[in-house]
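Note sheet for the following structure.
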Amino acid sequence: MSTRAIAGAGALVLACAGVACFSDGGLHTGGPASTTTTSTTTTTGTTVELTTGEPTTTSASTTTGEPPPFCGDGQLDPGEQCDDGDDDDGDACRTDCQVASCGDGVVQRGVEECDDGPANHPSEPTACRPDCHKPACGDGALYIGPLGPPVIAASEPTAEQSDDVPRAIGVDAQGTFSVVWRVNALVDRLDVQTVAADGTLVGAPLDLADPPSQVLRDPVIAVSPVGDLALAWEINANNDDILVRGVVAGVAEPGMNALVAKNPIQQSPAIALDDAGRLTLAYVGAVLPNLSQVYVRRIANFDPASPPEFAISEHDVGVPGPPTVATWPDGAFVVAWGDPGGAIVYRRFTVDGVPGPVVASGLRTGGIALTGSANPWSGLAVTPDLRVVLGGIGDDGLVDLQTFDPADVPQSIVAVSEAPRMHAPFVDLGSDAWGNLAVAWAECGDADAPATEDCSALASDLRLRWFRADLTPHTPVTAVHSTMVGAPPAFGVAVAPSGITGVTYLAGDDVVVRVAGLACPAP
């Protein structure tokens, strides 16, 4: 073959190698090509070698999938309550992709003032509240300031307050107090003094003894939220009558008088007023020498023609301790008294006066103040959540509190005083609108000293302490008044809906009032 022919054949081979010139016309019906062509070129000519072998394949791979989900990617993924795609922990979606809520420990901007998480508390003074607002007066906690200085409401050598029952003081919804005392004279007076919320006296005392009486003792007072007054007291030398007076809208208008005179002996009246102006009176009556009863009478709108009294307990042996009364705003009420057997007991009543069972507490009344005169009384308060709170002496010898739930199931007993005393004859309770309590009590003598019948030759003290609604002590014990020798004074305590507290007592010839105002936290 000529050199030109050889060159032409080489060119043809090269051309077919570029376009795959095969005998099937390029249709690849038999499968993929299995021949590899290699060419070598020299300067003098072209040599072509055709060889057969295995195909050579080259491949490359690239991964292009989505990244795994995460909190903050702006997508709501499993386990997430929200995902707003930012790292702002103060908005509605936290940075852990959980919806912001009060109590999570994170302050939600523009919604919450504070958030202490599990440390949110309804009454701790410095804690964030359970609704994530900062502490402030009116949030249900107790913001009481120190007890103010003694203010003399009257100086009367023959002034007396009730030594049979609380209470000698009442308060309206605005924190205005009314204090009552008896002036022993040829014709006795029943004076009432108004005291402002800041502890200052308002006007002069007014004599509300109507009709005048030569013998008047153990006056008690109740004040409704709108300022109506109710008074009750014993008249006649043998305690054989109880007189009740109602005064509408303050002491300047004429009032109602109602004489309760069913039994030979009636004593130890206690009263309360509810928001509707219903007056509830309780007292001890002796029908026969060996039969005494606790009575209740309800007087609606100060109407003397209201239904008569009815007995709520009966005792064949012994005389019951003086009753106390507390009401709820709707008119349901509770009466407590000392059973002759020793225990403090109580009964609930519906708005219509239907009684519940007699419930015995783990407390008792605490001795006597003066032989033949004073009768020891027990404390009673009710709370907005329908609990009953009693104050008396426990098995520990201390002044204690015991609560009962709405089903009258007894709860734990909480100590009020810090050391037992020989006698603690008087205990009085007051409650604010949220169930926070003020507890006042009188006590005398040393518990380790030889026993005496009364407090007449012993040192006596009147004390006060505040408790939160859960019965956590809010303050240490406050000393109100002390005497070196002699019975503790009769007294009374009252608490306004806001928590403002007033206490009254006798100190020598003086009728004294002390008021503790509010100490609201700084905003």
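Residue numbering restarts at 1 in every chain; chains get A, B, ... in the order shown in the structure tokens, and ligands count up from 1 in that same order.
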- Item | Nearby residues (only C-alpha atoms) at most 6 Å from Glu443 of chain A, same-chain spacing under 6 positions excluded, as a VMD selection string | chain A and resid 423 to 424 460 to 461
Go through segment 397-498 of chain A and flag each residue having an atom no more than 12 Å from segment 125-128 of chain A; for those, report the closest pair of atoms plus their distance in Å to one decimal, using only C-alpha atoms, ordered by chain and rising number, as a tab-separated table.
```
residue	atom	partner	partner_atom	distance
A:Arg468	CA	A:Pro125	CA	10.7
A:His474	CA	A:Pro125	CA	9.2
A:Thr475	CA	A:Pro125	CA	11.3
```
Saved selection, atoms kept: C-alpha atoms, as a JSON list (two decimals), in the first residue's frame:
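Below is the file that was written, out08.json:
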```json
[["chain", "number", "residue", "atom", "x", "y", "z"],
["A", 468, "ARG", "CA", -50.88, 35.27, 106.26],
["A", 474, "HIS", "CA", -46.09, 37.37, 109.05],
["A", 475, "THR", "CA", -44.52, 39.18, 112.00]]
```
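Interatomic distance, atom CA of Cys82 of chain A against atom CA of Val99 of chain A: 6.1 Å.
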- Task: From segment 179-413 of chain A, collect each residue whose DSSP state is strand (DSSP E) and return the set as number ranges by chain.
- Result: A: 179-183, 189-195, 201-207, 216-223, 229-235, 241-247, 255-260, 265-273, 279-288, 291-299, 310-315, 324-327, 333-338, 343-349, 359-364, 379-382, 388-393, 399-404, 410-413
- Query: If we count only C-alpha atoms, what is near segment 389-400 of chain A at a cut-off of 7 Å, once residues fewer than 3 positions away on the same chain are taken out, given as a ChimeraX atom specification?
  - Reply: /A:362-366,378-382,403-404,413-417,419-420,427
- Counting only C-alpha atoms, which of A:Leu243, A:Val111, A:Ala326, A:Ala440 gets nearest to Leu386 of chain A?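 The answer is A:Ala326, which sits nearest to Leu386 of chain A.
The space separating atom CA of Arg463 of chain A from atom CA of Pro157 of chain A comes to 23.7 Å.
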- Query: What's the 8 Å shell around Pro150 of chain A, counting only C-alpha atoms, without same-chain residues fewer than 2 positions away, as a VMD selection string?
  - Reply: chain A and resid 148 152 512 to 514
- Extract, using only C-alpha atoms, all DNA, RNA and protein residues at most 8 Å from segment 340-353 of chain A, discarding same-chain residues fewer than 4 positions from it, and format them as a ChimeraX atom specification. /A:315,317-321,330-336,357-365,378,392
- Query: Restricting the calculation to only C-alpha atoms, which member of A:Gly435, A:Pro166, A:Pro355, A:Gly246 is positioned closest to Ser123 of chain A?
  - Reply: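 Closest residue, counting only C-alpha atoms: A:Gly435.
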- Find the residues around Val107 of chain A up to 12 Å (only C-alpha atoms counted), leave out those fewer than 2 positions away in its own chain, and share them as a list of chain:residue names. A:Asp88, A:Asp89, A:Gly90, A:Asp91, A:Ala92, A:Cys93, A:Arg94, A:Ala100, A:Ser101, A:Cys102, A:Gly103, A:Asp104, A:Gly105, A:Arg109, A:Gly110, A:Val111, A:Glu112, A:Glu113, A:Cys114, A:Asp115, A:Asp116, A:Gly117, A:Cys128, A:Asp131, A:Cys132, A:His133, A:Lys134
Written file, previous selection with N, CA, C and O atoms, as a short mmCIF file (atom, residue, chain, number, x, y, z; two decimals), in the first residue's frame:
```cif
data_model
loop_
_atom_site.label_atom_id
_atom_site.label_comp_id
_atom_site.auth_asym_id
_atom_site.auth_seq_id
_atom_site.Cartn_x
_atom_site.Cartn_y
_atom_site.Cartn_z
N ASP A 88 -34.59 36.06 70.87
CA ASP A 88 -35.15 36.99 71.85
C ASP A 88 -35.92 36.18 72.88
O ASP A 88 -36.96 35.59 72.57
N ASP A 89 -35.43 36.15 74.12
CA ASP A 89 -36.08 35.35 75.17
C ASP A 89 -37.18 36.11 75.89
O ASP A 89 -37.80 35.57 76.80
N GLY A 90 -37.44 37.35 75.51
CA GLY A 90 -38.45 38.15 76.20
C GLY A 90 -39.74 38.31 75.43
O GLY A 90 -40.62 39.06 75.85
N ASP A 91 -39.88 37.61 74.28
CA ASP A 91 -41.13 37.70 73.53
C ASP A 91 -42.00 36.49 73.83
O ASP A 91 -41.75 35.75 74.77
N ALA A 92 -43.03 36.28 73.00
CA ALA A 92 -44.00 35.23 73.29
C ALA A 92 -43.45 33.83 73.09
O ALA A 92 -44.02 32.86 73.60
N CYS A 93 -42.36 33.70 72.33
CA CYS A 93 -41.73 32.39 72.11
C CYS A 93 -40.32 32.45 72.69
O CYS A 93 -39.48 33.24 72.24
N ARG A 94 -40.05 31.60 73.67
CA ARG A 94 -38.73 31.61 74.30
C ARG A 94 -37.69 31.00 73.37
O ARG A 94 -38.01 30.34 72.37
N ALA A 100 -44.02 31.27 76.03
CA ALA A 100 -43.81 31.97 77.29
C ALA A 100 -45.05 31.89 78.17
O ALA A 100 -46.18 31.98 77.69
N SER A 101 -44.85 31.70 79.47
CA SER A 101 -45.96 31.62 80.41
C SER A 101 -45.48 32.09 81.77
O SER A 101 -44.29 31.99 82.11
N CYS A 102 -46.41 32.61 82.56
CA CYS A 102 -46.08 33.06 83.91
C CYS A 102 -45.66 31.86 84.74
O CYS A 102 -46.37 30.84 84.80
N GLY A 103 -44.53 31.96 85.39
CA GLY A 103 -44.01 30.88 86.19
C GLY A 103 -42.88 30.11 85.55
O GLY A 103 -42.33 29.18 86.15
N ASP A 104 -42.52 30.51 84.30
CA ASP A 104 -41.42 29.81 83.63
C ASP A 104 -40.05 30.39 83.97
O ASP A 104 -39.02 29.90 83.50
N GLY A 105 -40.02 31.44 84.79
CA GLY A 105 -38.76 32.02 85.21
C GLY A 105 -38.18 33.02 84.25
O GLY A 105 -37.09 33.54 84.48
N ARG A 109 -41.63 40.35 78.04
CA ARG A 109 -41.63 41.81 77.88
C ARG A 109 -43.03 42.30 77.52
O ARG A 109 -43.70 41.78 76.64
N GLY A 110 -43.48 43.34 78.25
CA GLY A 110 -44.76 43.97 77.98
C GLY A 110 -45.95 43.22 78.55
O GLY A 110 -47.08 43.71 78.48
N VAL A 111 -45.71 42.03 79.12
CA VAL A 111 -46.80 41.21 79.66
C VAL A 111 -46.59 40.99 81.16
O VAL A 111 -47.52 41.13 81.94
N GLU A 112 -45.39 40.63 81.55
CA GLU A 112 -45.08 40.32 82.94
C GLU A 112 -44.18 41.39 83.54
O GLU A 112 -43.30 41.92 82.85
N GLU A 113 -44.41 41.69 84.82
CA GLU A 113 -43.53 42.61 85.53
C GLU A 113 -42.34 41.88 86.15
O GLU A 113 -41.29 42.47 86.38
N CYS A 114 -42.52 40.61 86.43
CA CYS A 114 -41.49 39.81 87.06
C CYS A 114 -41.83 38.35 86.87
O CYS A 114 -42.97 38.02 86.50
N ASP A 115 -40.89 37.47 87.11
CA ASP A 115 -41.15 36.03 87.05
C ASP A 115 -40.02 35.32 87.76
O ASP A 115 -38.90 35.23 87.24
N ASP A 116 -40.30 34.84 88.96
CA ASP A 116 -39.31 34.11 89.74
C ASP A 116 -39.43 32.61 89.56
O ASP A 116 -38.81 31.83 90.30
N GLY A 117 -40.24 32.16 88.59
CA GLY A 117 -40.40 30.74 88.36
C GLY A 117 -41.06 30.07 89.55
O GLY A 117 -42.05 30.57 90.10
N CYS A 128 -42.04 37.65 93.58
CA CYS A 128 -42.95 37.94 92.48
C CYS A 128 -44.25 37.18 92.73
O CYS A 128 -44.24 36.05 93.21
N ASP A 131 -49.26 35.80 89.61
CA ASP A 131 -49.70 36.32 88.31
C ASP A 131 -48.62 37.13 87.63
O ASP A 131 -48.87 37.84 86.66
N CYS A 132 -47.38 37.02 88.13
CA CYS A 132 -46.21 37.67 87.54
C CYS A 132 -46.30 39.19 87.58
O CYS A 132 -45.89 39.88 86.64
N HIS A 133 -46.85 39.71 88.68
CA HIS A 133 -46.80 41.13 88.96
C HIS A 133 -45.98 41.35 90.22
O HIS A 133 -45.90 40.49 91.10
N LYS A 134 -45.38 42.51 90.30
CA LYS A 134 -44.59 42.84 91.48
C LYS A 134 -45.52 43.04 92.68
O LYS A 134 -46.69 43.37 92.53
#
```
- Task: Determine, counting only C-alpha atoms, which protein, DNA and RNA residues have an atom within 6 Å of an atom of Gly72 of chain A; residues of the same chain fewer than 4 positions away are not included. Present the result as a PyMOL selection string.
- Result: chain A and resi 83+85-86
- Query: atom CA of Pro497 of chain A and atom CA of Ala258 of chain A, how far apart in Å?
  - Reply: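 Pair atom CA of Ala258 of chain A / atom CA of Pro497 of chain A returns 28.9 Å.
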Within 9 Å of segment 181-192 of chain A: each segment 64-174 of chain A residue with its shortest pair, only C-alpha atoms, as a Markdown table:
```
| residue | atom | partner | partner_atom | distance |
| --- | --- | --- | --- | --- |
| A:Glu156 | CA | A:Val183 | CA | 7.2 |
| A:Pro157 | CA | A:Val183 | CA | 8.4 |
| A:Thr158 | CA | A:Asn184 | CA | 5.3 |
| A:Ala159 | CA | A:Val183 | CA | 4.6 |
| A:Glu160 | CA | A:Arg182 | CA | 5.1 |
| A:Gln161 | CA | A:Trp181 | CA | 4.9 |
| A:Ser162 | CA | A:Trp181 | CA | 7.7 |
| A:Ala168 | CA | A:Trp181 | CA | 7.0 |
```
Same residues, N, CA, C and O atoms, output as a compact mmCIF listing (two decimals), in the first residue's frame:
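Listing of result.txt after writing:
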```txt
# COMPACT_ATOMS: atom_id res chain seq x y z
N GLU A 156 -61.54 57.99 131.59
CA GLU A 156 -62.68 57.87 132.50
C GLU A 156 -62.31 56.89 133.61
O GLU A 156 -62.01 55.72 133.33
N PRO A 157 -62.31 57.33 134.86
CA PRO A 157 -61.95 56.41 135.95
C PRO A 157 -62.84 55.18 136.02
O PRO A 157 -62.40 54.13 136.52
N THR A 158 -64.06 55.28 135.52
CA THR A 158 -64.97 54.14 135.62
C THR A 158 -65.25 53.50 134.26
O THR A 158 -66.24 52.79 134.09
N ALA A 159 -64.37 53.73 133.29
CA ALA A 159 -64.58 53.12 131.97
C ALA A 159 -64.36 51.62 132.03
O ALA A 159 -63.46 51.13 132.73
N GLU A 160 -65.18 50.88 131.31
CA GLU A 160 -65.07 49.42 131.24
C GLU A 160 -65.33 48.97 129.80
O GLU A 160 -66.13 49.58 129.08
N GLN A 161 -64.65 47.92 129.41
CA GLN A 161 -64.97 47.23 128.17
C GLN A 161 -65.35 45.80 128.51
O GLN A 161 -65.12 45.33 129.63
N SER A 162 -65.94 45.11 127.55
CA SER A 162 -66.47 43.79 127.86
C SER A 162 -65.36 42.83 128.27
O SER A 162 -64.36 42.70 127.58
N ALA A 168 -64.67 45.02 121.31
CA ALA A 168 -64.99 46.40 121.62
C ALA A 168 -64.64 47.33 120.48
O ALA A 168 -64.65 48.55 120.66
```
- Of the listed residues A:Glu309, A:Asp198, A:Glu234, A:Asp218, that which approaches Asp163 of chain A most closely, counting only C-alpha atoms: A:Asp218
